[in-house]
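Novice: So here's start.txt, just compact mmCIF, N, CA and C atoms:
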```txt
# COMPACT_ATOMS: atom_id res chain seq x y z
N MET I 1 -21.62 17.42 15.51
CA MET I 1 -22.59 18.25 14.83
C MET I 1 -22.77 17.75 13.40
N LYS I 2 -23.98 17.39 13.03
CA LYS I 2 -24.28 16.90 11.69
C LYS I 2 -24.84 18.05 10.86
N THR I 3 -24.30 18.23 9.67
CA THR I 3 -24.81 19.26 8.78
C THR I 3 -25.63 18.61 7.68
N GLU I 4 -26.30 19.41 6.92
CA GLU I 4 -27.18 18.90 5.87
C GLU I 4 -26.42 18.19 4.75
N ASN I 5 -25.17 18.52 4.53
CA ASN I 5 -24.43 17.92 3.42
C ASN I 5 -23.61 16.70 3.85
N THR I 6 -23.80 16.19 5.06
CA THR I 6 -23.10 14.98 5.49
C THR I 6 -24.12 13.90 5.82
N LYS I 7 -23.69 12.66 5.57
CA LYS I 7 -24.53 11.51 5.88
C LYS I 7 -23.69 10.49 6.62
N THR I 8 -24.34 9.69 7.44
CA THR I 8 -23.65 8.60 8.12
C THR I 8 -23.29 7.55 7.08
N ALA I 9 -22.07 7.04 7.16
CA ALA I 9 -21.61 6.05 6.20
C ALA I 9 -22.41 4.76 6.34
N ARG I 10 -22.72 4.15 5.20
CA ARG I 10 -23.44 2.88 5.21
C ARG I 10 -22.48 1.71 5.24
N PHE I 11 -21.19 1.99 5.26
CA PHE I 11 -20.14 0.98 5.27
C PHE I 11 -19.03 1.49 6.17
N ARG I 12 -18.73 0.78 7.25
CA ARG I 12 -17.76 1.26 8.23
C ARG I 12 -16.78 0.16 8.62
N MET I 13 -15.54 0.56 8.86
CA MET I 13 -14.55 -0.37 9.36
C MET I 13 -14.74 -0.52 10.87
N GLN I 14 -14.80 -1.77 11.31
CA GLN I 14 -14.89 -2.04 12.74
C GLN I 14 -13.52 -2.23 13.36
N GLY I 15 -12.58 -2.71 12.59
CA GLY I 15 -11.23 -2.93 13.11
C GLY I 15 -10.44 -3.79 12.15
N TYR I 16 -9.20 -4.05 12.53
CA TYR I 16 -8.33 -4.90 11.70
C TYR I 16 -7.44 -5.72 12.61
N LEU I 17 -6.89 -6.78 12.06
CA LEU I 17 -5.97 -7.65 12.79
C LEU I 17 -4.94 -8.18 11.81
N ILE I 18 -3.67 -8.05 12.15
CA ILE I 18 -2.61 -8.64 11.35
C ILE I 18 -2.38 -10.04 11.91
N THR I 19 -2.68 -11.05 11.10
CA THR I 19 -2.68 -12.42 11.59
C THR I 19 -1.41 -13.19 11.28
N ASN I 20 -0.58 -12.66 10.38
CA ASN I 20 0.64 -13.36 10.02
C ASN I 20 1.65 -12.36 9.47
N THR I 21 2.89 -12.50 9.89
CA THR I 21 3.98 -11.69 9.35
C THR I 21 5.22 -12.55 9.22
N SER I 22 5.90 -12.42 8.11
CA SER I 22 7.16 -13.12 7.90
C SER I 22 8.11 -12.17 7.19
N ILE I 23 9.31 -12.03 7.76
CA ILE I 23 10.34 -11.19 7.14
C ILE I 23 11.63 -12.00 7.09
N ARG I 24 12.20 -12.06 5.89
CA ARG I 24 13.48 -12.74 5.73
C ARG I 24 14.44 -11.75 5.08
N LEU I 25 15.51 -11.44 5.79
CA LEU I 25 16.57 -10.58 5.26
C LEU I 25 17.81 -11.44 5.03
N THR I 26 18.35 -11.39 3.82
CA THR I 26 19.52 -12.21 3.53
C THR I 26 20.75 -11.39 3.18
N GLY I 27 20.59 -10.09 3.03
CA GLY I 27 21.72 -9.24 2.70
C GLY I 27 21.82 -8.11 3.69
N ASN I 28 22.86 -7.32 3.56
CA ASN I 28 23.06 -6.19 4.46
C ASN I 28 22.13 -5.03 4.16
N GLU I 29 21.76 -4.88 2.91
CA GLU I 29 20.91 -3.76 2.53
C GLU I 29 19.76 -4.23 1.66
N ILE I 30 18.63 -3.58 1.86
CA ILE I 30 17.47 -3.86 1.02
C ILE I 30 17.64 -3.09 -0.28
N GLY I 31 17.40 -3.76 -1.40
CA GLY I 31 17.57 -3.14 -2.70
C GLY I 31 16.55 -2.03 -2.95
N GLU I 32 16.88 -1.17 -3.86
CA GLU I 32 16.02 -0.03 -4.21
C GLU I 32 14.75 -0.47 -4.94
N ASP I 33 14.88 -1.41 -5.86
CA ASP I 33 13.74 -1.83 -6.68
C ASP I 33 12.91 -2.85 -5.93
N MET I 34 11.72 -2.43 -5.50
CA MET I 34 10.83 -3.29 -4.74
C MET I 34 9.71 -3.82 -5.63
N GLU I 35 9.34 -5.05 -5.41
CA GLU I 35 8.16 -5.64 -6.02
C GLU I 35 7.15 -5.80 -4.90
N PHE I 36 5.92 -5.41 -5.16
CA PHE I 36 4.89 -5.39 -4.13
C PHE I 36 3.60 -5.93 -4.71
N GLY I 37 2.92 -6.78 -3.95
CA GLY I 37 1.65 -7.32 -4.43
C GLY I 37 0.66 -7.54 -3.29
N ILE I 38 -0.62 -7.48 -3.65
CA ILE I 38 -1.69 -7.72 -2.69
C ILE I 38 -2.69 -8.69 -3.32
N ALA I 39 -2.96 -9.80 -2.63
CA ALA I 39 -3.97 -10.75 -3.07
C ALA I 39 -5.15 -10.66 -2.09
N PRO I 40 -6.33 -10.23 -2.57
CA PRO I 40 -7.48 -10.05 -1.69
C PRO I 40 -8.39 -11.27 -1.63
N GLU I 41 -9.09 -11.40 -0.51
CA GLU I 41 -10.15 -12.38 -0.34
C GLU I 41 -11.25 -11.71 0.48
N GLY I 42 -12.49 -12.02 0.19
CA GLY I 42 -13.58 -11.40 0.92
C GLY I 42 -14.69 -12.39 1.24
N VAL I 43 -15.32 -12.19 2.42
CA VAL I 43 -16.41 -13.06 2.86
C VAL I 43 -17.49 -12.19 3.49
N PHE I 44 -18.73 -12.43 3.08
CA PHE I 44 -19.87 -11.76 3.69
C PHE I 44 -20.45 -12.61 4.81
N ASN I 45 -20.91 -11.96 5.86
CA ASN I 45 -21.75 -12.58 6.88
C ASN I 45 -23.05 -11.79 6.84
N GLU I 46 -23.96 -12.24 6.00
CA GLU I 46 -25.19 -11.49 5.76
C GLU I 46 -26.06 -11.38 7.00
N ALA I 47 -26.05 -12.39 7.88
CA ALA I 47 -26.87 -12.36 9.09
C ALA I 47 -26.46 -11.21 10.00
N GLU I 48 -25.15 -10.92 10.05
CA GLU I 48 -24.65 -9.84 10.91
C GLU I 48 -24.35 -8.57 10.12
N LYS I 49 -24.65 -8.58 8.82
CA LYS I 49 -24.33 -7.45 7.95
C LYS I 49 -22.87 -7.03 8.12
N ALA I 50 -22.01 -8.03 7.95
CA ALA I 50 -20.57 -7.82 8.13
C ALA I 50 -19.83 -8.34 6.90
N PHE I 51 -18.68 -7.75 6.66
CA PHE I 51 -17.81 -8.15 5.56
C PHE I 51 -16.39 -8.27 6.10
N LEU I 52 -15.74 -9.40 5.81
CA LEU I 52 -14.36 -9.62 6.23
C LEU I 52 -13.48 -9.58 4.99
N LEU I 53 -12.56 -8.63 4.95
CA LEU I 53 -11.60 -8.51 3.85
C LEU I 53 -10.24 -8.96 4.33
N THR I 54 -9.68 -9.94 3.64
CA THR I 54 -8.33 -10.42 3.94
C THR I 54 -7.41 -9.99 2.81
N LEU I 55 -6.31 -9.34 3.16
CA LEU I 55 -5.31 -8.94 2.18
C LEU I 55 -4.01 -9.67 2.49
N ASN I 56 -3.54 -10.45 1.53
CA ASN I 56 -2.26 -11.15 1.65
C ASN I 56 -1.24 -10.31 0.88
N VAL I 57 -0.27 -9.80 1.60
CA VAL I 57 0.67 -8.82 1.07
C VAL I 57 2.06 -9.45 0.95
N VAL I 58 2.73 -9.20 -0.16
CA VAL I 58 4.12 -9.61 -0.33
C VAL I 58 4.94 -8.42 -0.81
N ALA I 59 6.16 -8.34 -0.32
CA ALA I 59 7.11 -7.31 -0.76
C ALA I 59 8.48 -7.97 -0.88
N LYS I 60 9.14 -7.75 -2.01
CA LYS I 60 10.46 -8.32 -2.26
C LYS I 60 11.30 -7.29 -2.98
N ASP I 61 12.60 -7.36 -2.76
CA ASP I 61 13.48 -6.53 -3.58
C ASP I 61 14.08 -7.40 -4.66
N LYS I 62 14.47 -6.78 -5.76
CA LYS I 62 14.98 -7.54 -6.91
C LYS I 62 16.32 -8.20 -6.63
N GLU I 63 17.06 -7.69 -5.64
CA GLU I 63 18.34 -8.29 -5.28
C GLU I 63 18.16 -9.52 -4.39
N GLN I 64 16.94 -9.84 -4.02
CA GLN I 64 16.56 -10.98 -3.18
C GLN I 64 17.17 -10.90 -1.79
N ASN I 65 17.31 -9.66 -1.27
CA ASN I 65 17.76 -9.47 0.11
C ASN I 65 16.59 -9.40 1.08
N LEU I 66 15.39 -9.18 0.56
CA LEU I 66 14.21 -9.04 1.40
C LEU I 66 13.08 -9.90 0.84
N ASP I 67 12.42 -10.61 1.74
CA ASP I 67 11.21 -11.37 1.41
C ASP I 67 10.25 -11.16 2.57
N LEU I 68 9.23 -10.34 2.36
CA LEU I 68 8.29 -9.98 3.42
C LEU I 68 6.88 -10.40 3.00
N SER I 69 6.15 -10.99 3.93
CA SER I 69 4.75 -11.29 3.66
C SER I 69 3.96 -11.03 4.93
N LEU I 70 2.72 -10.62 4.75
CA LEU I 70 1.83 -10.44 5.89
C LEU I 70 0.40 -10.66 5.45
N THR I 71 -0.43 -11.00 6.42
CA THR I 71 -1.86 -11.15 6.21
C THR I 71 -2.57 -10.22 7.17
N ILE I 72 -3.45 -9.39 6.64
CA ILE I 72 -4.23 -8.47 7.45
C ILE I 72 -5.71 -8.71 7.15
N LYS I 73 -6.50 -8.73 8.21
CA LYS I 73 -7.95 -8.94 8.08
C LYS I 73 -8.65 -7.69 8.56
N GLY I 74 -9.52 -7.15 7.74
CA GLY I 74 -10.31 -5.98 8.10
C GLY I 74 -11.77 -6.37 8.24
N MET I 75 -12.38 -5.95 9.34
CA MET I 75 -13.77 -6.24 9.60
C MET I 75 -14.59 -4.98 9.34
N PHE I 76 -15.62 -5.12 8.52
CA PHE I 76 -16.46 -4.00 8.14
C PHE I 76 -17.92 -4.35 8.43
N GLU I 77 -18.72 -3.33 8.69
CA GLU I 77 -20.16 -3.52 8.83
C GLU I 77 -20.86 -2.63 7.81
N TYR I 78 -22.07 -3.02 7.44
CA TYR I 78 -22.80 -2.24 6.45
C TYR I 78 -24.28 -2.18 6.81
N ASP I 79 -24.96 -1.16 6.27
CA ASP I 79 -26.37 -0.89 6.59
C ASP I 79 -27.27 -0.94 5.36
N THR I 80 -27.04 -1.88 4.47
CA THR I 80 -27.87 -1.95 3.27
C THR I 80 -28.03 -3.41 2.86
N ASP I 81 -29.09 -3.69 2.15
CA ASP I 81 -29.30 -5.02 1.58
C ASP I 81 -29.08 -5.01 0.07
N ASP I 82 -28.72 -3.87 -0.47
CA ASP I 82 -28.54 -3.69 -1.91
C ASP I 82 -27.08 -4.01 -2.29
N MET I 83 -26.88 -5.16 -2.95
CA MET I 83 -25.53 -5.57 -3.33
C MET I 83 -24.89 -4.58 -4.29
N ASN I 84 -25.68 -3.97 -5.17
CA ASN I 84 -25.12 -2.98 -6.09
C ASN I 84 -24.55 -1.78 -5.34
N GLU I 85 -25.14 -1.43 -4.22
CA GLU I 85 -24.61 -0.35 -3.39
C GLU I 85 -23.34 -0.77 -2.68
N LEU I 86 -23.24 -2.05 -2.30
CA LEU I 86 -22.07 -2.55 -1.57
C LEU I 86 -20.83 -2.73 -2.44
N ILE I 87 -21.02 -3.05 -3.70
CA ILE I 87 -19.87 -3.37 -4.57
C ILE I 87 -18.80 -2.29 -4.56
N PRO I 88 -19.11 -1.00 -4.72
CA PRO I 88 -18.03 -0.01 -4.68
C PRO I 88 -17.35 0.07 -3.30
N TYR I 89 -18.13 -0.14 -2.25
CA TYR I 89 -17.54 -0.10 -0.90
C TYR I 89 -16.54 -1.23 -0.70
N ILE I 90 -16.93 -2.45 -1.09
CA ILE I 90 -16.02 -3.57 -0.84
C ILE I 90 -14.85 -3.61 -1.81
N SER I 91 -15.07 -3.10 -3.04
CA SER I 91 -13.99 -3.21 -4.02
C SER I 91 -13.02 -2.03 -3.97
N MET I 92 -13.49 -0.86 -3.62
CA MET I 92 -12.61 0.31 -3.63
C MET I 92 -12.33 0.83 -2.22
N ASN I 93 -13.38 1.07 -1.46
CA ASN I 93 -13.20 1.70 -0.16
C ASN I 93 -12.48 0.80 0.83
N ALA I 94 -12.89 -0.46 0.94
CA ALA I 94 -12.30 -1.34 1.94
C ALA I 94 -10.78 -1.49 1.76
N PRO I 95 -10.29 -1.84 0.55
CA PRO I 95 -8.83 -1.92 0.39
C PRO I 95 -8.13 -0.57 0.62
N ALA I 96 -8.76 0.52 0.19
CA ALA I 96 -8.15 1.85 0.38
C ALA I 96 -8.09 2.22 1.85
N ILE I 97 -9.08 1.82 2.63
CA ILE I 97 -9.08 2.10 4.07
C ILE I 97 -7.97 1.30 4.76
N MET I 98 -7.76 0.07 4.33
CA MET I 98 -6.77 -0.79 4.99
C MET I 98 -5.33 -0.51 4.58
N PHE I 99 -5.10 0.04 3.39
CA PHE I 99 -3.73 0.21 2.90
C PHE I 99 -2.84 1.07 3.80
N PRO I 100 -3.31 2.18 4.39
CA PRO I 100 -2.43 2.93 5.28
C PRO I 100 -1.94 2.13 6.50
N TYR I 101 -2.75 1.20 6.98
CA TYR I 101 -2.32 0.35 8.08
C TYR I 101 -1.20 -0.59 7.64
N ILE I 102 -1.31 -1.09 6.41
CA ILE I 102 -0.26 -1.95 5.85
C ILE I 102 1.04 -1.16 5.71
N ARG I 103 0.96 0.04 5.15
CA ARG I 103 2.14 0.89 4.97
C ARG I 103 2.83 1.17 6.30
N ALA I 104 2.04 1.58 7.29
CA ALA I 104 2.61 1.92 8.60
C ALA I 104 3.23 0.70 9.26
N TYR I 105 2.56 -0.43 9.18
CA TYR I 105 3.06 -1.65 9.82
C TYR I 105 4.40 -2.06 9.20
N ILE I 106 4.47 -2.08 7.88
CA ILE I 106 5.72 -2.48 7.21
C ILE I 106 6.84 -1.50 7.54
N SER I 107 6.55 -0.21 7.54
CA SER I 107 7.58 0.78 7.89
C SER I 107 8.08 0.58 9.32
N ASN I 108 7.16 0.38 10.25
CA ASN I 108 7.55 0.23 11.64
C ASN I 108 8.28 -1.08 11.91
N ILE I 109 7.78 -2.18 11.38
CA ILE I 109 8.40 -3.48 11.66
C ILE I 109 9.80 -3.56 11.06
N THR I 110 10.01 -2.97 9.88
CA THR I 110 11.35 -3.01 9.30
C THR I 110 12.29 -2.06 10.04
N ALA I 111 11.81 -0.91 10.46
CA ALA I 111 12.65 0.03 11.22
C ALA I 111 13.05 -0.58 12.57
N LEU I 112 12.11 -1.24 13.23
CA LEU I 112 12.40 -1.85 14.53
C LEU I 112 13.32 -3.05 14.40
N GLY I 113 13.42 -3.62 13.20
CA GLY I 113 14.28 -4.76 12.98
C GLY I 113 15.74 -4.39 12.76
N GLY I 114 16.04 -3.10 12.78
CA GLY I 114 17.42 -2.68 12.65
C GLY I 114 17.86 -2.38 11.23
N THR I 115 16.96 -2.42 10.29
CA THR I 115 17.30 -2.10 8.91
C THR I 115 16.65 -0.78 8.53
N GLN I 116 16.94 -0.31 7.34
CA GLN I 116 16.29 0.90 6.87
C GLN I 116 14.79 0.62 6.75
N PRO I 117 13.94 1.54 7.17
CA PRO I 117 12.50 1.29 7.06
C PRO I 117 12.07 1.25 5.59
N ILE I 118 11.15 0.36 5.32
CA ILE I 118 10.55 0.29 3.99
C ILE I 118 9.33 1.18 4.01
N ILE I 119 9.31 2.18 3.16
CA ILE I 119 8.18 3.09 3.07
C ILE I 119 7.54 2.85 1.70
N LEU I 120 6.42 2.16 1.74
CA LEU I 120 5.72 1.87 0.49
C LEU I 120 5.13 3.14 -0.09
N PRO I 121 5.11 3.26 -1.39
CA PRO I 121 4.46 4.43 -2.00
C PRO I 121 2.94 4.29 -1.86
N THR I 122 2.25 5.41 -2.05
CA THR I 122 0.80 5.32 -2.09
C THR I 122 0.41 4.44 -3.27
N LEU I 123 -0.75 3.86 -3.20
CA LEU I 123 -1.13 2.86 -4.19
C LEU I 123 -2.57 3.08 -4.62
N ASN I 124 -2.82 2.98 -5.90
CA ASN I 124 -4.18 2.95 -6.43
C ASN I 124 -4.65 1.50 -6.30
N VAL I 125 -5.67 1.27 -5.47
CA VAL I 125 -6.11 -0.09 -5.16
C VAL I 125 -7.21 -0.59 -6.10
N GLU I 126 -7.44 0.10 -7.20
CA GLU I 126 -8.49 -0.32 -8.12
C GLU I 126 -8.27 -1.75 -8.60
N GLY I 127 -7.05 -2.11 -8.94
CA GLY I 127 -6.76 -3.48 -9.39
C GLY I 127 -7.04 -4.51 -8.31
N VAL I 128 -6.73 -4.18 -7.07
CA VAL I 128 -7.01 -5.07 -5.95
C VAL I 128 -8.52 -5.28 -5.83
N GLY I 129 -9.27 -4.19 -5.95
CA GLY I 129 -10.72 -4.28 -5.86
C GLY I 129 -11.33 -5.10 -6.98
N LEU I 130 -10.83 -4.93 -8.20
CA LEU I 130 -11.35 -5.71 -9.32
C LEU I 130 -11.04 -7.19 -9.15
N GLU I 131 -9.83 -7.50 -8.65
CA GLU I 131 -9.48 -8.90 -8.38
C GLU I 131 -10.39 -9.49 -7.30
N LEU I 132 -10.68 -8.69 -6.28
CA LEU I 132 -11.57 -9.14 -5.21
C LEU I 132 -12.96 -9.47 -5.75
N LEU I 133 -13.52 -8.57 -6.57
CA LEU I 133 -14.84 -8.82 -7.15
C LEU I 133 -14.85 -10.09 -7.99
N GLU I 134 -13.79 -10.29 -8.77
CA GLU I 134 -13.70 -11.47 -9.61
C GLU I 134 -13.65 -12.75 -8.76
N LYS I 135 -12.83 -12.74 -7.71
CA LYS I 135 -12.73 -13.90 -6.84
C LYS I 135 -14.03 -14.22 -6.12
N MET I 136 -14.81 -13.18 -5.81
CA MET I 136 -16.06 -13.37 -5.10
C MET I 136 -17.23 -13.65 -6.05
N GLY I 137 -16.98 -13.63 -7.36
CA GLY I 137 -18.04 -13.88 -8.32
C GLY I 137 -18.98 -12.72 -8.50
N LEU I 138 -18.51 -11.51 -8.17
CA LEU I 138 -19.32 -10.30 -8.32
C LEU I 138 -18.77 -9.51 -9.50
N THR I 139 -19.61 -8.73 -10.11
CA THR I 139 -19.14 -7.84 -11.18
C THR I 139 -19.52 -6.43 -10.82
N LYS I 140 -18.69 -5.49 -11.19
CA LYS I 140 -18.97 -4.08 -10.95
C LYS I 140 -20.01 -3.62 -11.94
N LYS I 141 -21.10 -3.09 -11.44
CA LYS I 141 -22.21 -2.69 -12.31
C LYS I 141 -22.33 -1.20 -12.40
```
As structure tokens - that is how I would like this structure written.
Specialist:
Amino acid sequence: MKTENTKTARFRMQGYLITNTSIRLTGNEIGEDMEFGIAPEGVFNEAEKAFLLTLNVVAKDKEQNLDLSLTIKGMFEYDTDDMNELIPYISMNAPAIMFPYIRAYISNITALGGTQPIILPTLNVEGVGLELLEKMGLTKK
């Protein structure tokens, strides 16, 4: 049921795929202090009105007992030709939509590996989005 105050999204996630995972444990316990980073990459397919967001994720503890990396690709579609309209979607929405999948995957894969699960905190992805725009040669307007 569609109401007057709702609209169909002009930017939608079609799916995601984790294409690479590496976990190296060298100690008995993962340290408390975690370092976490995300390096984004993005590619438009204008003919299909599609956007591919790749997030390269790393997580390490300061004691060097854990070295985790993964690559996740999110496929999005959009219904506009206005790049100014797309910029907030690709820089803020896309990374924010994908982050819960990253959190769940890391928690599950570490728990299934026999160690304490790593539960990443929630994250403000604004910095990831700004880095993505810079790498793609776009500016937030």
Novice: Rank I:Leu25, I:Tyr101, I:Ile38, I:Gln14 by their smallest atom-to-atom distance to I:Phe76, using all atoms listed in the file, and report the top residue only.
Specialist: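 Smallest separation from I:Phe76 among the options: I:Gln14.
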Novice: Could you jot down the atom CA of I:Met75 to atom CA of I:Thr110 separation for me, Å, one decimal place?
Specialist: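 Calculated distance between atom CA of I:Met75 and atom CA of I:Thr110 is 25.3 Å.
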Novice: Taking 6 positions as the minimum chain separation for residues in the same chain, which residues sit within 7 Å of I:Met34 when counting only N, CA and C atoms? Answer as an MDAnalysis selection string.
Specialist: chainID I and resid 59:62
Novice: Where does DSSP see helix (DSSP H, G or I) in stretch 1-118 of chain I, if you list the residues as a ChimeraX atom specification?
Specialist: /I:46-48,83-112
Novice: Taking the backbone alone, and naming residues the way the document does, which bits of stretch 45-108 of chain I are strand (DSSP E) by DSSP, as a list of chain:residue names?
Specialist: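 Taking stretch 45-108 of chain I and keeping strand (DSSP E) only, one gets I:Asn45, I:Ala50, I:Phe51, I:Leu52, I:Leu53, I:Thr54, I:Leu55, I:Asn56, I:Val57, I:Val58, I:Ala59, I:Lys60, I:Asp61, I:Leu66, I:Asp67, I:Leu68, I:Ser69, I:Leu70, I:Thr71, I:Ile72, I:Lys73, I:Gly74, I:Met75, I:Phe76, I:Glu77, I:Tyr78.
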Novice: So that I can see what lies close to I:Leu55, please list as a list in words the residues with an atom at most 6.5 Å from it, counting only N, CA and C atoms and leaving out residues fewer than 4 positions away in the same chain.
Specialist: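 Here the qualifying residues turn out to be Ile38, Ala39, Pro40, Glu41, Leu70, Thr71, Ile72, Lys73 and Gly74 of chain I.
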Novice: So the first atom is atom N of I:Ile18 and the second is atom CA of I:Asn84; what is the distance between them in Å, to one decimal place?
Specialist: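 Straight-line distance from atom N of I:Ile18 to atom CA of I:Asn84 works out to 28.6 Å.
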Novice: Grab the atom C of I:Ile30 to atom N of I:Val128 distance for me, in Å with one decimal place.
Specialist: 25.3 Å
Novice: Please provide as a ChimeraX atom specification all residues within 6.5 Å of I:Pro117, with the sequence filter that same-chain residues fewer than 2 positions apart are discarded (counting all atoms listed in the file).
Specialist: /I:106-108,110-111,115,119
Novice: Choose the residue, out of I:Ala104, I:Ile109, I:Leu120, I:Leu52, that has the smallest atom-to-atom separation from I:Tyr16; count only C-alpha atoms.
Specialist: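 Closest candidate: I:Leu52.
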Novice: Given the choices I:Glu77, I:Pro100, I:Asn124, I:Met83, which gets closest to I:Arg10 if the distance is worked out from only N, CA and C atoms?
Specialist: I:Glu77
Novice: Show me, as lines of an AutoDock Vina configuration file, the centre and edge lengths in Å to one decimal of the axis-aligned box that covers every listed atom of stretch 16-30 of chain I with 3 Å on each side.
Specialist:
```
center_x = 6.9
center_y = -8.2
center_z = 6.3
size_x = 38.3
size_y = 16.3
size_z = 19.1
```
